[in-house]
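Shown next: upload.pdb, containing PDB, C-alpha atoms and all ligand atoms.
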```pdb
ATOM      1  CA  MET A  28      12.293 -50.649-177.305  1.00  0.00           C
ATOM      2  CA  SER A  29       8.684 -51.225-176.260  1.00  0.00           C
ATOM      3  CA  ASP A  30       9.241 -53.245-173.084  1.00  0.00           C
ATOM      4  CA  CYS A  31      12.167 -51.180-171.769  1.00  0.00           C
ATOM      5  CA  ILE A  32      11.420 -49.099-168.659  1.00  0.00           C
ATOM      6  CA  PHE A  33      14.029 -46.449-169.509  1.00  0.00           C
ATOM      7  CA  CYS A  34      12.719 -46.096-173.081  1.00  0.00           C
ATOM      8  CA  LYS A  35       9.293 -45.518-171.517  1.00  0.00           C
ATOM      9  CA  ILE A  36      10.760 -42.886-169.192  1.00  0.00           C
ATOM     10  CA  ILE A  37      12.479 -41.137-172.117  1.00  0.00           C
ATOM     11  CA  ASN A  38       9.203 -41.190-174.077  1.00  0.00           C
ATOM     12  CA  GLY A  39       7.289 -39.819-171.094  1.00  0.00           C
ATOM     13  CA  ASP A  40       5.149 -42.947-170.732  1.00  0.00           C
ATOM     14  CA  ILE A  41       6.507 -43.456-167.199  1.00  0.00           C
ATOM     15  CA  PRO A  42       7.007 -40.377-164.993  1.00  0.00           C
ATOM     16  CA  SER A  43      10.492 -39.393-163.884  1.00  0.00           C
ATOM     17  CA  SER A  44      12.229 -36.593-162.076  1.00  0.00           C
ATOM     18  CA  LYS A  45      14.158 -34.987-164.923  1.00  0.00           C
ATOM     19  CA  VAL A  46      17.492 -33.311-164.255  1.00  0.00           C
ATOM     20  CA  TYR A  47      18.733 -32.714-167.799  1.00  0.00           C
ATOM     21  CA  GLU A  48      17.702 -33.475-171.367  1.00  0.00           C
ATOM     22  CA  ASP A  49      18.963 -32.772-174.842  1.00  0.00           C
ATOM     23  CA  ASP A  50      18.472 -34.393-178.230  1.00  0.00           C
ATOM     24  CA  LYS A  51      20.739 -37.354-177.406  1.00  0.00           C
ATOM     25  CA  ILE A  52      20.530 -38.022-173.669  1.00  0.00           C
ATOM     26  CA  TYR A  53      18.191 -37.917-170.679  1.00  0.00           C
ATOM     27  CA  ALA A  54      19.140 -37.633-166.996  1.00  0.00           C
ATOM     28  CA  PHE A  55      16.789 -38.242-164.078  1.00  0.00           C
ATOM     29  CA  ASN A  56      16.860 -38.991-160.380  1.00  0.00           C
ATOM     30  CA  ASP A  57      17.134 -42.647-159.408  1.00  0.00           C
ATOM     31  CA  ILE A  58      13.919 -43.903-157.814  1.00  0.00           C
ATOM     32  CA  SER A  59      15.902 -45.665-155.085  1.00  0.00           C
ATOM     33  CA  PRO A  60      18.816 -43.323-154.346  1.00  0.00           C
ATOM     34  CA  GLN A  61      21.935 -44.852-152.808  1.00  0.00           C
ATOM     35  CA  ALA A  62      23.473 -41.423-152.096  1.00  0.00           C
ATOM     36  CA  PRO A  63      22.085 -37.904-151.499  1.00  0.00           C
ATOM     37  CA  VAL A  64      22.580 -37.259-155.224  1.00  0.00           C
ATOM     38  CA  HIS A  65      21.902 -40.278-157.444  1.00  0.00           C
ATOM     39  CA  ILE A  66      21.179 -39.447-161.056  1.00  0.00           C
ATOM     40  CA  LEU A  67      20.904 -41.836-163.990  1.00  0.00           C
ATOM     41  CA  ILE A  68      22.218 -40.612-167.337  1.00  0.00           C
ATOM     42  CA  VAL A  69      20.964 -42.561-170.337  1.00  0.00           C
ATOM     43  CA  PRO A  70      21.236 -42.328-174.114  1.00  0.00           C
ATOM     44  CA  LYS A  71      17.878 -41.797-175.819  1.00  0.00           C
ATOM     45  CA  GLU A  72      18.868 -44.538-178.232  1.00  0.00           C
ATOM     46  CA  HIS A  73      18.258 -47.985-176.739  1.00  0.00           C
ATOM     47  CA  ILE A  74      21.620 -49.662-176.130  1.00  0.00           C
ATOM     48  CA  CYS A  75      21.284 -52.608-173.769  1.00  0.00           C
ATOM     49  CA  CYS A  76      24.627 -52.427-171.996  1.00  0.00           C
ATOM     50  CA  ALA A  77      28.300 -51.574-172.316  1.00  0.00           C
ATOM     51  CA  ASN A  78      28.832 -54.732-174.392  1.00  0.00           C
ATOM     52  CA  MET A  79      26.775 -53.162-177.168  1.00  0.00           C
ATOM     53  CA  ILE A  80      28.758 -49.924-177.456  1.00  0.00           C
ATOM     54  CA  THR A  81      30.324 -49.975-180.919  1.00  0.00           C
ATOM     55  CA  PRO A  82      32.162 -47.516-183.151  1.00  0.00           C
ATOM     56  CA  ASP A  83      28.779 -46.736-184.716  1.00  0.00           C
ATOM     57  CA  ASN A  84      27.081 -45.620-181.485  1.00  0.00           C
ATOM     58  CA  ALA A  85      29.984 -44.666-179.189  1.00  0.00           C
ATOM     59  CA  ASP A  86      29.524 -40.965-179.897  1.00  0.00           C
ATOM     60  CA  VAL A  87      26.597 -40.882-177.473  1.00  0.00           C
ATOM     61  CA  VAL A  88      28.843 -42.180-174.692  1.00  0.00           C
ATOM     62  CA  ALA A  89      31.316 -39.392-175.388  1.00  0.00           C
ATOM     63  CA  HIS A  90      28.396 -36.979-175.362  1.00  0.00           C
ATOM     64  CA  ILE A  91      27.275 -38.256-171.953  1.00  0.00           C
ATOM     65  CA  PHE A  92      30.738 -37.683-170.529  1.00  0.00           C
ATOM     66  CA  SER A  93      30.945 -34.262-172.160  1.00  0.00           C
ATOM     67  CA  LYS A  94      27.814 -33.320-170.184  1.00  0.00           C
ATOM     68  CA  VAL A  95      28.619 -34.984-166.863  1.00  0.00           C
ATOM     69  CA  GLY A  96      30.154 -31.855-165.343  1.00  0.00           C
ATOM     70  CA  GLU A  97      27.163 -29.774-166.377  1.00  0.00           C
ATOM     71  CA  ILE A  98      24.737 -32.316-164.899  1.00  0.00           C
ATOM     72  CA  ALA A  99      26.801 -32.511-161.691  1.00  0.00           C
ATOM     73  CA  ALA A 100      26.661 -28.704-161.511  1.00  0.00           C
ATOM     74  CA  LEU A 101      22.866 -28.807-161.857  1.00  0.00           C
ATOM     75  CA  ALA A 102      22.844 -31.127-158.839  1.00  0.00           C
ATOM     76  CA  GLY A 103      25.240 -28.841-156.959  1.00  0.00           C
ATOM     77  CA  ILE A 104      28.061 -31.376-156.626  1.00  0.00           C
ATOM     78  CA  LYS A 105      30.432 -30.463-159.448  1.00  0.00           C
ATOM     79  CA  ASP A 106      33.143 -29.017-157.236  1.00  0.00           C
ATOM     80  CA  GLU A 107      32.942 -31.432-154.304  1.00  0.00           C
ATOM     81  CA  GLY A 108      33.164 -34.462-156.567  1.00  0.00           C
ATOM     82  CA  TYR A 109      31.156 -37.504-157.482  1.00  0.00           C
ATOM     83  CA  ARG A 110      31.378 -41.044-158.785  1.00  0.00           C
ATOM     84  CA  ILE A 111      30.166 -42.425-162.116  1.00  0.00           C
ATOM     85  CA  ILE A 112      29.238 -46.099-162.266  1.00  0.00           C
ATOM     86  CA  ASN A 113      28.107 -48.401-165.029  1.00  0.00           C
ATOM     87  CA  ASN A 114      26.941 -51.920-164.283  1.00  0.00           C
ATOM     88  CA  CYS A 115      27.185 -54.376-167.181  1.00  0.00           C
ATOM     89  CA  GLY A 116      25.558 -57.766-166.930  1.00  0.00           C
ATOM     90  CA  LYS A 117      24.848 -60.327-164.256  1.00  0.00           C
ATOM     91  CA  ASN A 118      27.979 -60.179-162.128  1.00  0.00           C
ATOM     92  CA  ALA A 119      27.758 -56.388-161.911  1.00  0.00           C
ATOM     93  CA  GLY A 120      24.107 -56.614-160.877  1.00  0.00           C
ATOM     94  CA  GLN A 121      22.681 -54.763-163.877  1.00  0.00           C
ATOM     95  CA  THR A 122      18.907 -54.718-163.456  1.00  0.00           C
ATOM     96  CA  VAL A 123      17.768 -52.400-166.247  1.00  0.00           C
ATOM     97  CA  PHE A 124      19.075 -53.356-169.667  1.00  0.00           C
ATOM     98  CA  HIS A 125      19.206 -49.895-171.177  1.00  0.00           C
ATOM     99  CA  LEU A 126      22.703 -48.429-170.911  1.00  0.00           C
ATOM    100  CA  HIS A 127      22.936 -45.992-168.018  1.00  0.00           C
ATOM    101  CA  PHE A 128      25.547 -44.258-165.921  1.00  0.00           C
ATOM    102  CA  HIS A 129      24.931 -43.684-162.226  1.00  0.00           C
ATOM    103  CA  LEU A 130      26.137 -40.219-161.148  1.00  0.00           C
ATOM    104  CA  MET A 131      26.449 -40.326-157.377  1.00  0.00           C
ATOM    105  CA  GLY A 132      27.559 -37.868-154.755  1.00  0.00           C
ATOM    106  CA  GLY A 133      26.439 -35.417-152.134  1.00  0.00           C
ATOM    107  CA  LYS A 134      28.512 -37.076-149.411  1.00  0.00           C
ATOM    108  CA  ASP A 135      31.854 -38.792-148.916  1.00  0.00           C
ATOM    109  CA  LEU A 136      31.244 -41.993-150.841  1.00  0.00           C
ATOM    110  CA  GLY A 137      33.755 -43.909-148.815  1.00  0.00           C
ATOM    111  CA  GLU A 138      35.731 -46.896-149.936  1.00  0.00           C
ATOM    112  CA  LYS A 139      36.560 -47.196-153.607  1.00  0.00           C
ATOM    113  CA  LEU A 140      36.230 -50.493-155.443  1.00  0.00           C
ATOM    114  CA  VAL A 141      39.225 -49.747-157.611  1.00  0.00           C
TER     115      VAL A 141
HETATM  116  P1  LIG B 201      21.397 -51.032-162.488  1.00  0.00           P
HETATM  117  O1  LIG B 201      21.253 -51.908-161.285  1.00  0.00           O
HETATM  118  O2  LIG B 201      22.784 -50.535-162.710  1.00  0.00           O
HETATM  119  O3  LIG B 201      20.805 -51.677-163.729  1.00  0.00           O
HETATM  120  O4  LIG B 201      20.562 -49.720-162.161  1.00  0.00           O
HETATM  121  C1  LIG B 201      19.203 -49.577-162.427  1.00  0.00           C
HETATM  122  C2  LIG B 201      18.744 -48.414-161.605  1.00  0.00           C
HETATM  123  O5  LIG B 201      17.497 -47.985-162.103  1.00  0.00           O
HETATM  124  C3  LIG B 201      18.552 -48.727-160.118  1.00  0.00           C
HETATM  125  O6  LIG B 201      19.400 -47.879-159.339  1.00  0.00           O
HETATM  126  C4  LIG B 201      17.060 -48.433-159.887  1.00  0.00           C
HETATM  127  O7  LIG B 201      16.813 -47.849-158.626  1.00  0.00           O
HETATM  128  C5  LIG B 201      16.764 -47.484-161.027  1.00  0.00           C
HETATM  129  N1  LIG B 201      15.366 -47.452-161.443  1.00  0.00           N
HETATM  130  C6  LIG B 201      14.564 -48.494-161.741  1.00  0.00           C
HETATM  131  N2  LIG B 201      13.347 -48.059-162.117  1.00  0.00           N
HETATM  132  C7  LIG B 201      13.385 -46.711-162.059  1.00  0.00           C
HETATM  133  C8  LIG B 201      12.445 -45.670-162.321  1.00  0.00           C
HETATM  134  N3  LIG B 201      11.193 -45.939-162.735  1.00  0.00           N
HETATM  135  N4  LIG B 201      12.824 -44.383-162.138  1.00  0.00           N
HETATM  136  C9  LIG B 201      14.074 -44.093-161.723  1.00  0.00           C
HETATM  137  N5  LIG B 201      15.021 -45.024-161.474  1.00  0.00           N
HETATM  138  C10 LIG B 201      14.675 -46.311-161.631  1.00  0.00           C
HETATM  139 ZN    ZN B 202      15.514 -48.800-173.635  1.00  0.00          ZN
END
```
Written form, structure tokens:
Amino acid sequence: MSDCIFCKIINGDIPSSKVYEDDKIYAFNDISPQAPVHILIVPKEHICCANMITPDNADVVAHIFSKVGEIAALAGIKDEGYRIINNCGKNAGQTVFHLHFHLMGGKDLGEKLV
């Protein structure tokens, strides 16, 4: 999508600090980290948010989760643990409308929301 910042990052039109890439997904460091490790994992296909995950495109979400441990290992936090967060829509504070999963860790993340 031409006006999507994460599509531009995936295409290389906007620089990013890449952590992992394959044919389906791209992972890069968040520009405003909220933890010592704060990586965004995104599908290369533009999907605006969790509401738009369907049986036709859900395989990429499974792929993301099949790679989470590997990406956490690249960041050195696989064994100590981490949190994965997805914000969907206004009440969750989603600011970039290209589906993404925050992979956060590198410290005790403290209180859980759920
Ligand atoms: P969300 O609030 O869940 O939509 O998360 C969007 C995330 O994208 C925020 O944590 C931002 O810091 C991050 N972000 C925005 N622009 C960039 C960028 N150019 N490079 C890396 N991360 C970004
Ligand atoms: Zn996009």
Discussion item. Taking (24.9, -51.9, -164.2) in the coordinates of the supplied file, I want to know which residues reach to within 10 Å of it, counting all atoms listed in the file; could you give the answer as a list of chain:residue names?
Written reply: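 Checked against the point, the hits come out as A:Cys76, A:Ala77, A:Ile112, A:Asn113, A:Asn114, A:Cys115, A:Gly116, A:Lys117, A:Asn118, A:Ala119, A:Gly120, A:Gln121, A:Thr122, A:Val123, A:Phe124, A:His125, A:Leu126, A:His127, A:Phe128, A:His129.
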Fill in: Test item: the PyMOL selection byres (((chain A and resi 36) around 12) and not hetatm) resolved as a VMD selection string
chain A and resid 28 to 35 37 to 45 48 52 to 58 67 to 71 73 125
Worksheet entry | Residue among A:Ile66, A:Val88, A:Leu140, A:Ile104 lying closest to Val46 (chain A), counting all atoms listed in the file | A:Ile66
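Between CA of Asp83 (chain A) and atom O2 of ligand LIG 201 (chain B) lies a distance of 23.1 Å.
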Practice prompt. Would you kindly translate the PyMOL selection byres (((chain A and resi 134) around 8) and not hetatm) into the concrete residues it picks from this file, as a ChimeraX atom specification?
Written response: /A:62-63,132-133,135-136
Worksheet item: So which residues get picked by the PyMOL selection byres (((chain A and resi 103) around 12) and not hetatm) here, written as a list in words?
Response: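 Output of the PyMOL selection byres (((chain A and resi 103) around 12) and not hetatm): Val46, Pro63, Val64, His65, Gly96, Glu97, Ile98, Ala99, Ala100, Leu101, Ala102, Ile104, Lys105, Asp106, Glu107, Gly108, Tyr109, Met131, Gly132, Gly133 and Lys134 of chain A.
Reported to one decimal place, the separation of atom O6 of ligand LIG 201 (chain B) from CA of Phe92 (chain A) is 18.9 Å.
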Around all the atoms of region 108-112 of chain A listed in the file, with 4 Å of room on each side, what axis-aligned box do you get, giving centre and edge lengths in Å to one decimal, as lines of an AutoDock Vina configuration file?
```
center_x = 31.2
center_y = -40.3
center_z = -159.4
size_x = 11.9
size_y = 19.6
size_z = 13.7
```
Worksheet item: Quick one: of A:Ile80, A:Val87, A:Ile111, A:Val95, who's nearest to ligand LIG 201 (chain B), counting all atoms listed in the file?
Response: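 Of all the options, A:Ile111 lies closest to ligand LIG 201 (chain B).
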Worksheet item: Pick the closest to ligand ZN 202 (chain B) from A:Asp50, A:Cys75, A:Lys94, A:Pro60: which is it, counting all atoms listed in the file?
Response: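 Among the listed residues, A:Cys75 lies closest to ligand ZN 202 (chain B).
The gap separating CA of Pro82 (chain A) from atom C5 of ligand LIG 201 (chain B) is 27.0 Å, in Å to one decimal.
Using only C-alpha atoms and all ligand atoms for every distance, the candidate list A:Gln61, A:His90, A:Asp49, A:Ile74 yields A:Gln61 as the residue closest to ligand LIG 201 (chain B).
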Discussion item. Using all atoms listed in the file for the distances, tell me which of A:Glu72, A:Leu130, A:Asp86, A:Gly137 is nearest to ligand ZN 202 (chain B).
Written reply: A:Glu72
Worksheet entry | Pick from A:Arg110, A:Tyr47, A:Ser59, A:Lys139, whichever lies nearest to ligand LIG 201 (chain B) using only C-alpha atoms and all ligand atoms |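 Answer, going by the shortest atom-to-atom distance: A:Ser59.
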